[in-house]
>>> print(open('final_31.pdb').read())   # PDB, C-alpha atoms and all ligand atoms
ATOM      1  CA  MET A 214    -251.279 138.562 141.835
ATOM      2  CA  LEU A 215    -249.238 141.064 139.831
ATOM      3  CA  LYS A 216    -247.220 143.989 141.153
ATOM      4  CA  LYS A 217    -244.339 145.975 139.641
ATOM      5  CA  THR A 218    -241.418 146.636 141.973
ATOM      6  CA  ASN A 219    -242.155 149.759 143.937
ATOM      7  CA  ALA A 220    -239.548 152.574 143.612
ATOM      8  CA  SER A 221    -239.948 153.669 147.273
ATOM      9  CA  LEU A 222    -239.282 150.113 148.440
ATOM     10  CA  GLN A 223    -236.151 150.016 146.265
ATOM     11  CA  ASN A 224    -234.941 153.329 147.712
ATOM     12  CA  LEU A 225    -235.663 152.315 151.299
ATOM     13  CA  ILE A 226    -233.707 149.083 150.863
ATOM     14  CA  LYS A 227    -230.781 150.983 149.314
ATOM     15  CA  ILE A 228    -230.543 153.112 152.484
ATOM     16  CA  LEU A 229    -231.013 150.208 154.915
ATOM     17  CA  ASN A 230    -228.435 148.145 153.083
ATOM     18  CA  ASP A 231    -225.521 149.838 154.860
ATOM     19  CA  GLY A 232    -226.274 147.620 157.876
ATOM     20  CA  ASP A 233    -226.777 150.639 160.227
ATOM     21  CA  PHE A 234    -229.950 151.655 162.057
ATOM     22  CA  HIS A 235    -232.100 154.383 160.448
ATOM     23  CA  ASP A 236    -235.001 156.007 162.263
ATOM     24  CA  GLY A 237    -238.433 156.501 160.725
ATOM     25  CA  ASN A 238    -238.261 160.331 160.767
ATOM     26  CA  THR A 239    -234.936 160.564 158.943
ATOM     27  CA  LEU A 240    -236.000 157.875 156.456
ATOM     28  CA  GLY A 241    -239.225 159.834 155.844
ATOM     29  CA  LEU A 242    -237.260 163.025 155.116
ATOM     30  CA  GLN A 243    -234.807 161.218 152.834
ATOM     31  CA  LEU A 244    -237.543 159.484 150.845
ATOM     32  CA  LYS A 245    -240.070 162.361 151.057
ATOM     33  CA  MET A 246    -242.628 160.128 152.749
ATOM     34  CA  THR A 247    -244.510 160.137 156.035
ATOM     35  CA  ARG A 248    -243.315 157.996 158.927
ATOM     36  CA  SER A 249    -246.399 155.832 158.601
ATOM     37  CA  ALA A 250    -245.681 155.272 154.889
ATOM     38  CA  ILE A 251    -242.167 154.157 155.876
ATOM     39  CA  TRP A 252    -243.652 151.809 158.474
ATOM     40  CA  LYS A 253    -245.922 150.332 155.795
ATOM     41  CA  LEU A 254    -242.890 149.538 153.634
ATOM     42  CA  ILE A 255    -241.088 148.016 156.610
ATOM     43  CA  LYS A 256    -244.155 145.870 157.326
ATOM     44  CA  LYS A 257    -244.157 144.782 153.686
ATOM     45  CA  LEU A 258    -240.527 143.644 153.972
ATOM     46  CA  ILE A 259    -241.304 141.728 157.154
ATOM     47  CA  HIS A 260    -244.324 140.173 155.454
ATOM     48  CA  TYR A 261    -242.021 138.991 152.655
ATOM     49  CA  GLY A 262    -239.831 137.260 155.223
ATOM     50  CA  ILE A 263    -236.990 139.796 155.263
ATOM     51  CA  HIS A 264    -235.324 140.119 158.678
ATOM     52  CA  VAL A 265    -235.652 143.764 159.720
ATOM     53  CA  ASP A 266    -234.412 144.618 163.206
ATOM     54  CA  SER A 267    -236.478 147.338 164.827
ATOM     55  CA  VAL A 268    -235.127 148.993 168.015
ATOM     56  CA  LYS A 269    -236.927 151.789 169.872
ATOM     57  CA  GLY A 270    -234.977 155.051 169.610
ATOM     58  CA  LYS A 271    -232.656 153.662 166.922
ATOM     59  CA  GLY A 272    -234.975 152.683 164.069
ATOM     60  CA  TYR A 273    -234.668 149.913 161.513
ATOM     61  CA  CYS A 274    -231.789 147.859 160.232
ATOM     62  CA  LEU A 275    -231.486 144.996 157.729
ATOM     63  CA  ARG A 276    -229.905 141.936 159.299
ATOM     64  CA  GLU A 277    -228.614 140.607 155.968
ATOM     65  CA  PRO A 278    -227.708 142.399 152.712
ATOM     66  CA  LEU A 279    -230.498 142.813 150.193
ATOM     67  CA  ILE A 280    -230.125 144.213 146.689
ATOM     68  CA  LEU A 281    -233.274 144.123 144.582
ATOM     69  CA  LEU A 282    -233.388 143.601 140.833
ATOM     70  CA  GLN A 283    -233.156 146.872 138.915
ATOM     71  CA  GLN A 284    -234.107 147.244 135.294
ATOM     72  CA  ASP A 285    -231.397 149.845 134.495
ATOM     73  CA  GLN A 286    -228.704 147.726 136.179
ATOM     74  CA  ILE A 287    -229.646 144.612 134.227
ATOM     75  CA  GLU A 288    -229.982 146.501 130.947
ATOM     76  CA  SER A 289    -226.570 148.128 131.377
ATOM     77  CA  HIS A 290    -224.967 144.656 131.133
ATOM     78  CA  LEU A 291    -226.945 143.365 128.149
ATOM     79  CA  LYS A 292    -225.125 142.590 124.918
ATOM     80  CA  ASN A 293    -227.987 143.606 122.652
ATOM     81  CA  ALA A 294    -231.206 145.462 123.152
ATOM     82  CA  THR A 295    -233.492 143.177 121.155
ATOM     83  CA  SER A 296    -235.308 141.816 124.167
ATOM     84  CA  GLN A 297    -237.717 143.506 126.563
ATOM     85  CA  ILE A 298    -237.507 143.030 130.322
ATOM     86  CA  ARG A 299    -240.264 143.406 132.928
ATOM     87  CA  ILE A 300    -239.586 143.137 136.658
ATOM     88  CA  PHE A 301    -242.294 142.474 139.230
ATOM     89  CA  GLU A 302    -242.277 142.613 143.006
ATOM     90  CA  LYS A 303    -244.579 139.596 143.053
ATOM     91  CA  LEU A 304    -246.299 137.306 140.596
ATOM     92  CA  ASP A 305    -248.042 133.960 140.854
ATOM     93  CA  SER A 306    -245.522 132.521 138.419
ATOM     94  CA  THR A 307    -243.341 134.202 135.777
ATOM     95  CA  ASN A 308    -244.196 131.354 133.368
ATOM     96  CA  ASP A 309    -247.936 131.880 133.858
ATOM     97  CA  TYR A 310    -247.568 135.652 133.418
ATOM     98  CA  LEU A 311    -245.791 135.208 130.085
ATOM     99  CA  LYS A 312    -248.309 132.627 128.914
ATOM    100  CA  MET A 313    -250.956 135.361 129.094
ATOM    101  CA  GLN A 314    -248.968 137.874 126.997
ATOM    102  CA  LYS A 315    -250.173 137.766 123.395
ATOM    103  CA  ASN A 316    -248.874 139.341 120.153
ATOM    104  CA  ILE A 317    -245.286 139.092 121.288
ATOM    105  CA  LYS A 318    -242.978 139.334 118.279
ATOM    106  CA  THR A 319    -239.587 139.611 120.024
ATOM    107  CA  PRO A 320    -238.240 137.825 123.127
ATOM    108  CA  LEU A 321    -239.831 139.055 126.339
ATOM    109  CA  PHE A 322    -238.196 138.448 129.745
ATOM    110  CA  CYS A 323    -240.035 138.644 133.036
ATOM    111  CA  PHE A 324    -238.473 138.526 136.520
ATOM    112  CA  ALA A 325    -240.208 138.331 139.897
ATOM    113  CA  GLU A 326    -238.776 139.018 143.344
ATOM    114  CA  PHE A 327    -241.371 136.627 144.778
ATOM    115  CA  GLN A 328    -243.597 133.967 143.252
ATOM    116  CA  SER A 329    -246.678 132.873 145.169
ATOM    117  CA  LYS A 330    -247.259 129.859 142.884
ATOM    118  CA  GLY A 331    -243.814 129.105 141.474
ATOM    119  CA  LYS A 332    -244.050 125.937 139.415
ATOM    120  CA  GLY A 333    -241.527 123.161 138.988
ATOM    121  CA  ARG A 334    -241.487 120.212 136.592
ATOM    122  CA  LEU A 335    -243.866 117.304 137.159
ATOM    123  CA  ASN A 336    -246.390 119.570 138.934
ATOM    124  CA  ARG A 337    -244.059 120.402 141.786
ATOM    125  CA  VAL A 338    -243.904 123.713 143.639
ATOM    126  CA  TRP A 339    -240.845 125.944 143.127
ATOM    127  CA  TYR A 340    -240.228 127.694 146.429
ATOM    128  CA  SER A 341    -239.580 131.373 145.632
ATOM    129  CA  PRO A 342    -238.751 133.529 148.683
ATOM    130  CA  PHE A 343    -238.646 137.312 148.173
ATOM    131  CA  GLY A 344    -235.430 138.918 146.951
ATOM    132  CA  LYS A 345    -233.226 135.881 147.511
ATOM    133  CA  ASN A 346    -232.923 134.030 144.246
ATOM    134  CA  ILE A 347    -233.584 134.424 140.537
ATOM    135  CA  TYR A 348    -236.988 133.484 139.154
ATOM    136  CA  PHE A 349    -237.461 134.476 135.559
ATOM    137  CA  SER A 350    -239.012 133.408 132.302
ATOM    138  CA  CYS A 351    -238.516 134.216 128.652
ATOM    139  CA  ARG A 352    -241.241 134.121 126.017
ATOM    140  CA  TYR A 353    -239.402 133.285 122.812
ATOM    141  CA  PRO A 354    -241.181 133.215 119.437
ATOM    142  CA  PHE A 355    -239.698 130.486 117.225
ATOM    143  CA  LYS A 356    -240.389 130.497 113.488
ATOM    144  CA  LYS A 357    -240.652 126.740 113.743
ATOM    145  CA  ASP A 358    -243.122 123.967 114.161
ATOM    146  CA  VAL A 359    -243.452 122.513 117.644
ATOM    147  CA  SER A 360    -241.949 119.236 116.358
ATOM    148  CA  GLU A 361    -238.677 121.070 115.660
ATOM    149  CA  LEU A 362    -238.271 122.161 119.288
ATOM    150  CA  ALA A 363    -237.348 118.718 120.642
ATOM    151  CA  GLY A 364    -234.235 119.112 122.763
ATOM    152  CA  LEU A 365    -234.818 122.816 123.483
ATOM    153  CA  SER A 366    -235.055 122.317 127.238
ATOM    154  CA  LEU A 367    -231.679 120.511 127.280
ATOM    155  CA  VAL A 368    -230.032 123.432 125.483
ATOM    156  CA  ILE A 369    -231.385 125.837 128.119
ATOM    157  CA  GLY A 370    -229.644 123.745 130.790
ATOM    158  CA  LEU A 371    -226.382 124.110 128.855
ATOM    159  CA  ALA A 372    -226.814 127.906 128.668
ATOM    160  CA  VAL A 373    -227.220 128.019 132.459
ATOM    161  CA  ILE A 374    -224.115 125.852 132.910
ATOM    162  CA  LYS A 375    -222.161 128.271 130.661
ATOM    163  CA  VAL A 376    -223.145 131.246 132.838
ATOM    164  CA  LEU A 377    -222.159 129.416 136.029
ATOM    165  CA  GLN A 378    -218.789 128.457 134.529
ATOM    166  CA  LYS A 379    -218.261 132.150 133.783
ATOM    167  CA  TRP A 380    -218.942 132.806 137.474
ATOM    168  CA  GLY A 381    -216.092 130.444 138.345
ATOM    169  CA  LEU A 382    -217.853 127.129 138.985
ATOM    170  CA  ASN A 383    -215.781 124.116 137.998
ATOM    171  CA  HIS A 384    -216.137 120.490 136.975
ATOM    172  CA  LYS A 385    -218.424 119.739 139.950
ATOM    173  CA  LEU A 386    -221.135 121.466 137.904
ATOM    174  CA  CYS A 387    -223.287 119.267 135.684
ATOM    175  CA  VAL A 388    -226.654 118.846 134.027
ATOM    176  CA  LYS A 389    -228.983 116.012 134.958
ATOM    177  CA  TRP A 390    -231.343 115.064 132.126
ATOM    178  CA  PRO A 391    -233.482 116.709 131.074
ATOM    179  CA  ASN A 392    -232.318 120.035 132.471
ATOM    180  CA  ASP A 393    -231.609 120.154 136.211
ATOM    181  CA  VAL A 394    -228.386 121.939 137.043
ATOM    182  CA  TYR A 395    -226.412 120.324 139.860
ATOM    183  CA  TYR A 396    -223.271 121.211 141.780
ATOM    184  CA  GLU A 397    -221.657 118.466 143.870
ATOM    185  CA  ALA A 398    -224.844 116.396 143.589
ATOM    186  CA  LYS A 399    -226.985 119.255 144.944
ATOM    187  CA  LYS A 400    -229.568 121.076 142.843
ATOM    188  CA  LEU A 401    -228.603 124.637 141.949
ATOM    189  CA  ALA A 402    -231.123 125.518 139.227
ATOM    190  CA  GLY A 403    -234.240 124.113 137.593
ATOM    191  CA  ILE A 404    -235.868 124.769 134.241
ATOM    192  CA  LEU A 405    -239.480 124.519 133.134
ATOM    193  CA  VAL A 406    -240.232 124.879 129.415
ATOM    194  CA  GLU A 407    -243.833 125.205 128.256
ATOM    195  CA  ILE A 408    -244.913 125.477 124.617
ATOM    196  CA  GLN A 409    -247.722 127.543 123.069
ATOM    197  CA  ALA A 410    -248.287 127.038 119.357
ATOM    198  CA  GLU A 411    -250.149 129.770 117.452
ATOM    199  CA  SER A 412    -251.391 127.951 114.386
ATOM    200  CA  HIS A 413    -252.420 131.071 112.411
ATOM    201  CA  ASP A 414    -248.921 132.553 112.031
ATOM    202  CA  CYS A 415    -246.719 129.416 112.164
ATOM    203  CA  ILE A 416    -244.971 130.748 115.259
ATOM    204  CA  THR A 417    -244.348 128.491 118.230
ATOM    205  CA  HIS A 418    -243.794 130.318 121.501
ATOM    206  CA  ALA A 419    -241.577 128.718 124.098
ATOM    207  CA  ILE A 420    -242.082 129.887 127.675
ATOM    208  CA  ILE A 421    -238.745 129.158 129.306
ATOM    209  CA  GLY A 422    -238.727 129.433 133.105
ATOM    210  CA  ILE A 423    -235.530 129.316 135.127
ATOM    211  CA  GLY A 424    -235.208 129.240 138.874
ATOM    212  CA  MET A 425    -231.707 129.560 140.291
ATOM    213  CA  ASN A 426    -230.818 129.406 143.978
ATOM    214  CA  VAL A 427    -228.623 132.448 144.496
ATOM    215  CA  ASN A 428    -228.669 133.867 148.038
ATOM    216  CA  SER A 429    -230.799 131.315 149.872
ATOM    217  CA  SER A 430    -229.134 129.632 152.796
ATOM    218  CA  GLN A 431    -230.134 126.292 154.286
ATOM    219  CA  LYS A 432    -232.057 128.012 157.096
ATOM    220  CA  ASP A 433    -234.246 129.864 154.536
ATOM    221  CA  GLN A 434    -235.302 126.681 152.814
ATOM    222  CA  ASP A 435    -234.927 123.951 155.398
ATOM    223  CA  HIS A 436    -238.231 122.357 154.370
ATOM    224  CA  ILE A 437    -236.963 121.339 150.906
ATOM    225  CA  SER A 438    -236.346 117.640 151.189
ATOM    226  CA  LYS A 439    -233.975 117.040 148.255
ATOM    227  CA  PRO A 440    -230.334 118.197 148.479
ATOM    228  CA  TRP A 441    -229.856 121.704 147.054
ATOM    229  CA  THR A 442    -227.290 124.465 147.103
ATOM    230  CA  SER A 443    -227.040 128.104 146.051
ATOM    231  CA  LEU A 444    -224.468 130.154 144.168
ATOM    232  CA  GLY A 445    -223.899 132.302 147.262
ATOM    233  CA  GLN A 446    -223.101 129.203 149.334
ATOM    234  CA  ILE A 447    -220.698 127.909 146.695
ATOM    235  CA  LEU A 448    -218.914 131.268 146.239
ATOM    236  CA  ASP A 449    -219.233 132.036 149.949
ATOM    237  CA  GLY A 450    -220.727 135.529 149.714
ATOM    238  CA  TYR A 451    -223.729 137.665 148.900
ATOM    239  CA  ILE A 452    -224.428 137.832 145.145
ATOM    240  CA  ASP A 453    -225.830 140.945 143.436
ATOM    241  CA  ARG A 454    -228.406 139.296 141.161
ATOM    242  CA  ASN A 455    -228.462 142.126 138.603
ATOM    243  CA  LYS A 456    -225.234 141.205 136.799
ATOM    244  CA  LEU A 457    -226.083 137.497 137.052
ATOM    245  CA  SER A 458    -229.535 138.124 135.524
ATOM    246  CA  ALA A 459    -227.948 139.994 132.609
ATOM    247  CA  ASP A 460    -225.482 137.122 132.080
ATOM    248  CA  LEU A 461    -228.388 134.674 132.032
ATOM    249  CA  ILE A 462    -230.265 136.769 129.448
ATOM    250  CA  ASN A 463    -227.139 137.191 127.285
ATOM    251  CA  HIS A 464    -226.275 133.497 127.241
ATOM    252  CA  LEU A 465    -229.850 132.362 126.876
ATOM    253  CA  MET A 466    -230.286 134.589 123.817
ATOM    254  CA  GLU A 467    -227.033 133.297 122.321
ATOM    255  CA  TYR A 468    -228.015 129.646 122.863
ATOM    256  CA  LEU A 469    -231.588 130.176 121.626
ATOM    257  CA  LEU A 470    -230.400 131.786 118.380
ATOM    258  CA  GLU A 471    -227.918 128.972 117.844
ATOM    259  CA  PHE A 472    -230.587 126.352 118.578
ATOM    260  CA  GLU A 473    -232.988 128.085 116.168
ATOM    261  CA  GLU A 474    -230.386 127.958 113.380
ATOM    262  CA  LYS A 475    -228.570 124.696 114.017
ATOM    263  CA  GLY A 476    -230.764 122.541 116.269
ATOM    264  CA  LEU A 477    -229.772 120.205 119.093
ATOM    265  CA  LYS A 478    -227.032 118.479 117.049
ATOM    266  CA  PHE A 479    -224.848 121.583 117.381
ATOM    267  CA  PHE A 480    -224.820 121.087 121.185
ATOM    268  CA  MET A 481    -224.195 117.324 121.338
ATOM    269  CA  ASP A 482    -220.528 117.544 122.409
ATOM    270  CA  GLU A 483    -221.326 120.196 124.995
ATOM    271  CA  TRP A 484    -224.096 117.958 126.347
ATOM    272  CA  MET A 485    -221.770 114.964 126.643
ATOM    273  CA  ASN A 486    -219.261 117.056 128.600
ATOM    274  CA  ALA A 487    -221.879 118.369 131.021
ATOM    275  CA  ASP A 488    -224.004 115.201 131.430
ATOM    276  CA  CYS A 489    -223.813 113.650 134.894
ATOM    277  CA  LEU A 490    -225.896 110.567 134.083
ATOM    278  CA  ILE A 491    -223.813 108.993 131.338
ATOM    279  CA  HIS A 492    -223.096 105.286 132.101
ATOM    280  CA  ARG A 493    -224.882 105.569 135.458
ATOM    281  CA  THR A 494    -227.515 103.086 136.566
ATOM    282  CA  ILE A 495    -230.769 104.935 137.151
ATOM    283  CA  THR A 496    -234.465 104.460 137.662
ATOM    284  CA  LEU A 497    -236.793 106.524 135.512
ATOM    285  CA  LYS A 498    -240.274 107.043 136.873
ATOM    286  CA  SER A 499    -243.155 108.165 134.665
ATOM    287  CA  ALA A 500    -246.797 108.578 135.765
ATOM    288  CA  GLU A 501    -247.540 104.910 135.122
ATOM    289  CA  GLU A 502    -244.274 102.997 135.064
ATOM    290  CA  GLU A 503    -240.792 102.688 136.465
ATOM    291  CA  TRP A 504    -237.769 101.544 134.462
ATOM    292  CA  GLN A 505    -234.254 100.695 135.476
ATOM    293  CA  GLY A 506    -231.174 100.689 133.263
ATOM    294  CA  ILE A 507    -227.834 102.212 132.317
ATOM    295  CA  VAL A 508    -227.813 105.636 130.631
ATOM    296  CA  GLN A 509    -226.346 105.625 127.125
ATOM    297  CA  GLY A 510    -226.697 109.386 126.514
ATOM    298  CA  ILE A 511    -229.337 111.178 124.451
ATOM    299  CA  ASN A 512    -230.585 110.855 120.861
ATOM    300  CA  ALA A 513    -231.096 113.578 118.226
ATOM    301  CA  GLN A 514    -234.468 114.505 119.787
ATOM    302  CA  GLY A 515    -232.962 114.925 123.241
ATOM    303  CA  GLN A 516    -234.604 111.747 124.549
ATOM    304  CA  LEU A 517    -232.782 109.808 127.243
ATOM    305  CA  LEU A 518    -231.395 106.487 126.018
ATOM    306  CA  LEU A 519    -231.584 103.735 128.579
ATOM    307  CA  GLN A 520    -230.043 100.277 128.253
ATOM    308  CA  LEU A 521    -232.743  98.357 130.100
ATOM    309  CA  SER A 522    -231.899  95.690 132.652
ATOM    310  CA  GLY A 523    -234.166  93.313 130.729
ATOM    311  CA  GLY A 524    -232.274  93.988 127.458
ATOM    312  CA  GLY A 525    -232.627  96.533 124.632
ATOM    313  CA  VAL A 526    -232.278 100.297 124.534
ATOM    314  CA  ARG A 527    -235.346 102.493 124.966
ATOM    315  CA  ALA A 528    -235.721 106.256 124.439
ATOM    316  CA  PHE A 529    -237.636 108.347 126.992
ATOM    317  CA  SER A 530    -239.038 111.871 126.534
ATOM    318  CA  SER A 531    -239.922 112.594 130.153
ATOM    319  CA  GLY A 532    -239.837 111.181 133.644
ATOM    320  CA  GLU A 533    -238.047 111.569 136.923
ATOM    321  CA  VAL A 534    -234.566 110.168 137.190
ATOM    322  CA  THR A 535    -233.019 108.760 140.349
ATOM    323  CA  VAL A 536    -229.424 107.602 140.293
ATOM    324  CA  VAL A 537    -228.924 104.093 141.694
ATOM    325  CA  LEU A 538    -225.201 103.605 141.069
TER     326      LEU A 538
HETATM  327  C1  LIG B   1    -237.827 122.281 138.208
HETATM  328  O1  LIG B   1    -236.643 122.026 138.438
HETATM  329  O2  LIG B   1    -238.716 121.577 138.652
HETATM  330  C2  LIG B   1    -238.155 123.486 137.366
HETATM  331  C3  LIG B   1    -238.202 124.741 138.195
HETATM  332  C4  LIG B   1    -238.532 125.981 137.383
HETATM  333  C5  LIG B   1    -238.754 127.181 138.284
HETATM  334  C6  LIG B   1    -238.877 128.446 137.509
HETATM  335  S1  LIG B   1    -238.833 129.873 138.554
HETATM  336  C7  LIG B   1    -239.270 130.879 137.223
HETATM  337  C8  LIG B   1    -240.313 130.125 136.420
HETATM  338  N1  LIG B   1    -241.625 130.372 136.946
HETATM  339  C9  LIG B   1    -242.175 129.280 137.460
HETATM  340  O3  LIG B   1    -243.304 129.219 137.995
HETATM  341  N2  LIG B   1    -241.324 128.251 137.347
HETATM  342  C10 LIG B   1    -240.118 128.621 136.659
END
>>> encode(input="final_31.pdb", output="C-alpha cells")
Amino acid sequence: MLKKTNASLQNLIKILNDGDFHDGNTLGLQLKMTRSAIWKLIKKLIHYGIHVDSVKGKGYCLREPLILLQQDQIESHLKNATSQIRIFEKLDSTNDYLKMQKNIKTPLFCFAEFQSKGKGRLNRVWYSPFGKNIYFSCRYPFKKDVSELAGLSLVIGLAVIKVLQKWGLNHKLCVKWPNDVYYEAKKLAGILVEIQAESHDCITHAIIGIGMNVNSSQKDQDHISKPWTSLGQILDGYIDRNKLSADLINHLMEYLLEFEEKGLKFFMDEWMNADCLIHRTITLKSAEEEWQGIVQGINAQGQLLLQLSGGGVRAFSSGEVTVVL
C-alpha cells in the first residue's frame, strides 16, 4: 500500500483547520473541484479516523486541529540539503518501503501519515493513526562493515532525546536500553533499526525507523496496554509536526555523521546521563530465557551489562527489559 500525500486533501484540510463550518459548494469553488469530489475527500478523512462534523445546511468542520506533513515546510527548516525526503499519505511501513529502495547513495528519509503495518521491536505492531504522530525512517549508507555498527541503535535514541530537550523536555526524559525514549516512565518514542549489507560495494545500509507519539491523546490509543505519553500531552497543546520532523532529521544526521567518524565511544557520557536503567534491578527476557540482575551500564558494543543475581556480569545484545526495583 503506497500513496503520496494528495495535494487536494492538503488544501481541504488547510481550509477546514480554522474550526468553522464550510459547505461543499464553497469548498468546491475554492479548490476547483466538484461537490462529489469534496465529499470523497471528506469520506477519506473519516475513513482515516479523523473526526469531521457534518451538519446539513452548514457543511463540514474539523473537530480537532490537523496539520499534515508538508515537504516544503520540512525542507525550509533543514540545516543541509544532502538528504532526500519522501512523504506518503499511507504506507505499510516506512522501514519496509526503504528496504525496497536500491542504489541509494545518500541518506533517504521517508515519512508516512498512516502506516497499515507499522512495526515495533520484537515483532510488535506500532500503532500508527493518520496525521497524529511521526512515523519515519532513514536509509543511511555506511561505508562500514556491519560489525562496526554495534551501538548504532543506542545513538539514535540519544539523537531523539536531544531533539526533545530542544523542545523543552527536562530531566524526566530518559532512554531505556536499547533505545526506547521515556518521559516520566511512559513511552514517548520507539526506534527500530534494521541492517542491509550489500557485499559488492562494502556499503552497509541502516534502515532507521522512528515512531514518536506527538498529537495522540489517551482516547485515540486506549487499547495500548503499556504506559505511553505524547509530546502534545506533555507540552499541553497541538504540535505542528513539520518543524519537529525537520529537527529530527537535522539531529539524526548530526549524530549519524559523528557515529560514523567516532563510533559509540564518543557518546558514552551522553548515554550515562540519559540512561534510566543504571543500577536498577531488572529482568531481561529473550526468546528462550529470562535473567534477573542489576544493570551496570553498557559496554563498547552497546550491550547491556547485567550483574546477575547468581553472580558474575553478563553482556546482552537484545531482549526485553522490565524494571523490578
Ligand atoms: C519499538 O519501540 O518497538 C520500535 C517502534 C518503531 C516504530 C517506527 S514508526 C516508523 C518506522 N516504521 C515502522 O514500521 N516502524 C518504525
>>> closest_residue(input="final_31.pdb", among="A:Leu362, A:Ala402, A:Leu367, A:Leu386", to="ligand LIG 1 (chain B)", atoms="only C-alpha atoms and all ligand atoms")
A:Ala402
>>> resolve_selection(input="final_31.pdb", expression="the PyMOL selection byres (((chain A and resi 295) around 9) and not hetatm)", output="PyMOL selection string")
chain A and resi 293-294+296-297+319-320
>>> axis_aligned_box(input="final_31.pdb", around="ligand LIG 1 (chain B)", padding_each_side="6 Å", output="lines of an AutoDock Vina configuration file")
center_x = -240.0
center_y = 126.2
center_z = 137.5
size_x = 18.7
size_y = 21.3
size_z = 14.2
>>> atom_distance(input="final_31.pdb", atom1="CA of Arg248 in chain A", atom2="CA of Leu281 in chain A")
22.3 Å
>>> residues_near_ligand(input="final_31.pdb", ligand="ligand LIG 1 (chain B)", cutoff="8 Å", atoms="all atoms listed in the file", output="PDB file with C-alpha atoms, in the frame of the given file")
ATOM      1  CA  ASP A 305    -248.042 133.960 140.854  1.00  0.00           C
ATOM      2  CA  SER A 306    -245.522 132.521 138.419  1.00  0.00           C
ATOM      3  CA  THR A 307    -243.341 134.202 135.777  1.00  0.00           C
ATOM      4  CA  ASN A 308    -244.196 131.354 133.368  1.00  0.00           C
ATOM      5  CA  ASP A 309    -247.936 131.880 133.858  1.00  0.00           C
ATOM      6  CA  PHE A 324    -238.473 138.526 136.520  1.00  0.00           C
ATOM      7  CA  ALA A 325    -240.208 138.331 139.897  1.00  0.00           C
ATOM      8  CA  GLN A 328    -243.597 133.967 143.252  1.00  0.00           C
ATOM      9  CA  LYS A 330    -247.259 129.859 142.884  1.00  0.00           C
ATOM     10  CA  GLY A 331    -243.814 129.105 141.474  1.00  0.00           C
ATOM     11  CA  LYS A 332    -244.050 125.937 139.415  1.00  0.00           C
ATOM     12  CA  GLY A 333    -241.527 123.161 138.988  1.00  0.00           C
ATOM     13  CA  ARG A 334    -241.487 120.212 136.592  1.00  0.00           C
ATOM     14  CA  LEU A 335    -243.866 117.304 137.159  1.00  0.00           C
ATOM     15  CA  ASN A 336    -246.390 119.570 138.934  1.00  0.00           C
ATOM     16  CA  ARG A 337    -244.059 120.402 141.786  1.00  0.00           C
ATOM     17  CA  VAL A 338    -243.904 123.713 143.639  1.00  0.00           C
ATOM     18  CA  TRP A 339    -240.845 125.944 143.127  1.00  0.00           C
ATOM     19  CA  SER A 341    -239.580 131.373 145.632  1.00  0.00           C
ATOM     20  CA  ILE A 347    -233.584 134.424 140.537  1.00  0.00           C
ATOM     21  CA  TYR A 348    -236.988 133.484 139.154  1.00  0.00           C
ATOM     22  CA  PHE A 349    -237.461 134.476 135.559  1.00  0.00           C
ATOM     23  CA  SER A 350    -239.012 133.408 132.302  1.00  0.00           C
ATOM     24  CA  ASN A 392    -232.318 120.035 132.471  1.00  0.00           C
ATOM     25  CA  ASP A 393    -231.609 120.154 136.211  1.00  0.00           C
ATOM     26  CA  ALA A 402    -231.123 125.518 139.227  1.00  0.00           C
ATOM     27  CA  GLY A 403    -234.240 124.113 137.593  1.00  0.00           C
ATOM     28  CA  ILE A 404    -235.868 124.769 134.241  1.00  0.00           C
ATOM     29  CA  LEU A 405    -239.480 124.519 133.134  1.00  0.00           C
ATOM     30  CA  ILE A 421    -238.745 129.158 129.306  1.00  0.00           C
ATOM     31  CA  GLY A 422    -238.727 129.433 133.105  1.00  0.00           C
ATOM     32  CA  ILE A 423    -235.530 129.316 135.127  1.00  0.00           C
ATOM     33  CA  GLY A 424    -235.208 129.240 138.874  1.00  0.00           C
ATOM     34  CA  MET A 425    -231.707 129.560 140.291  1.00  0.00           C
TER      35      MET A 425
END
>>> residues_around(input="final_31.pdb", residues="range 479-492 of chain A", least_positions_apart="2", cutoff="6 Å", atoms="only C-alpha atoms", output="PyMOL selection string")
chain A and resi 387-389+475+477+507-510
>>> residues_around(input="final_31.pdb", residues="Leu401 in chain A", least_positions_apart="6", cutoff="9 Å", atoms="only C-alpha atoms", output="list in words")
Asp393, Val394, Tyr395, Gly424, Met425, Asn426, Val427, Trp441, Thr442, Ser443 and Leu444 of chain A
>>> residues_around(input="final_31.pdb", residues="range 455-470 of chain A", least_positions_apart="3", cutoff="6 Å", atoms="all atoms listed in the file", output="JSON, numbers by chain")
{"A": [282, 287, 290, 291, 372, 473]}
>>> residues_around(input="final_31.pdb", residues="Leu382 in chain A", least_positions_apart="4", cutoff="10 Å", atoms="all atoms listed in the file", output="PyMOL selection string")
chain A and resi 374-378+386+396+444+447-448
>>> atom_distance(input="final_31.pdb", atom1="CA of Arg299 in chain A", atom2="CA of His264 in chain A")
26.4 Å
>>> atom_distance(input="final_31.pdb", atom1="CA of Tyr340 in chain A", atom2="CA of Leu304 in chain A")
12.8 Å
>>> residues_near_point(input="final_31.pdb", point="(-244.6, 124.3, 123.6)", cutoff="8 Å", atoms="all atoms listed in the file", output="number ranges by chain")
A: 359, 362, 406-410, 417-420
>>> write_last_selection(input="final_31.pdb", atoms="C-alpha atoms", output="short mmCIF file (atom, residue, chain, number, x, y, z; two decimals), keeping the file's coordinate frame")
data_model
loop_
_atom_site.label_atom_id
_atom_site.label_comp_id
_atom_site.auth_asym_id
_atom_site.auth_seq_id
_atom_site.Cartn_x
_atom_site.Cartn_y
_atom_site.Cartn_z
CA VAL A 359 -243.45 122.51 117.64
CA LEU A 362 -238.27 122.16 119.29
CA VAL A 406 -240.23 124.88 129.42
CA GLU A 407 -243.83 125.20 128.26
CA ILE A 408 -244.91 125.48 124.62
CA GLN A 409 -247.72 127.54 123.07
CA ALA A 410 -248.29 127.04 119.36
CA THR A 417 -244.35 128.49 118.23
CA HIS A 418 -243.79 130.32 121.50
CA ALA A 419 -241.58 128.72 124.10
CA ILE A 420 -242.08 129.89 127.68
#
>>> resolve_selection(input="final_31.pdb", expression="the PyMOL selection byres (((chain A and resi 232-235) around 6) and not hetatm)", output="PyMOL selection string")
chain A and resi 230-231+236+271-275
>>> resolve_selection(input="final_31.pdb", expression="the PyMOL selection byres (((chain A and resi 257) around 12) and not hetatm)", output="VMD selection string")
chain A and resid 219 221 to 222 225 to 226 250 to 256 258 to 265 302 to 303 343
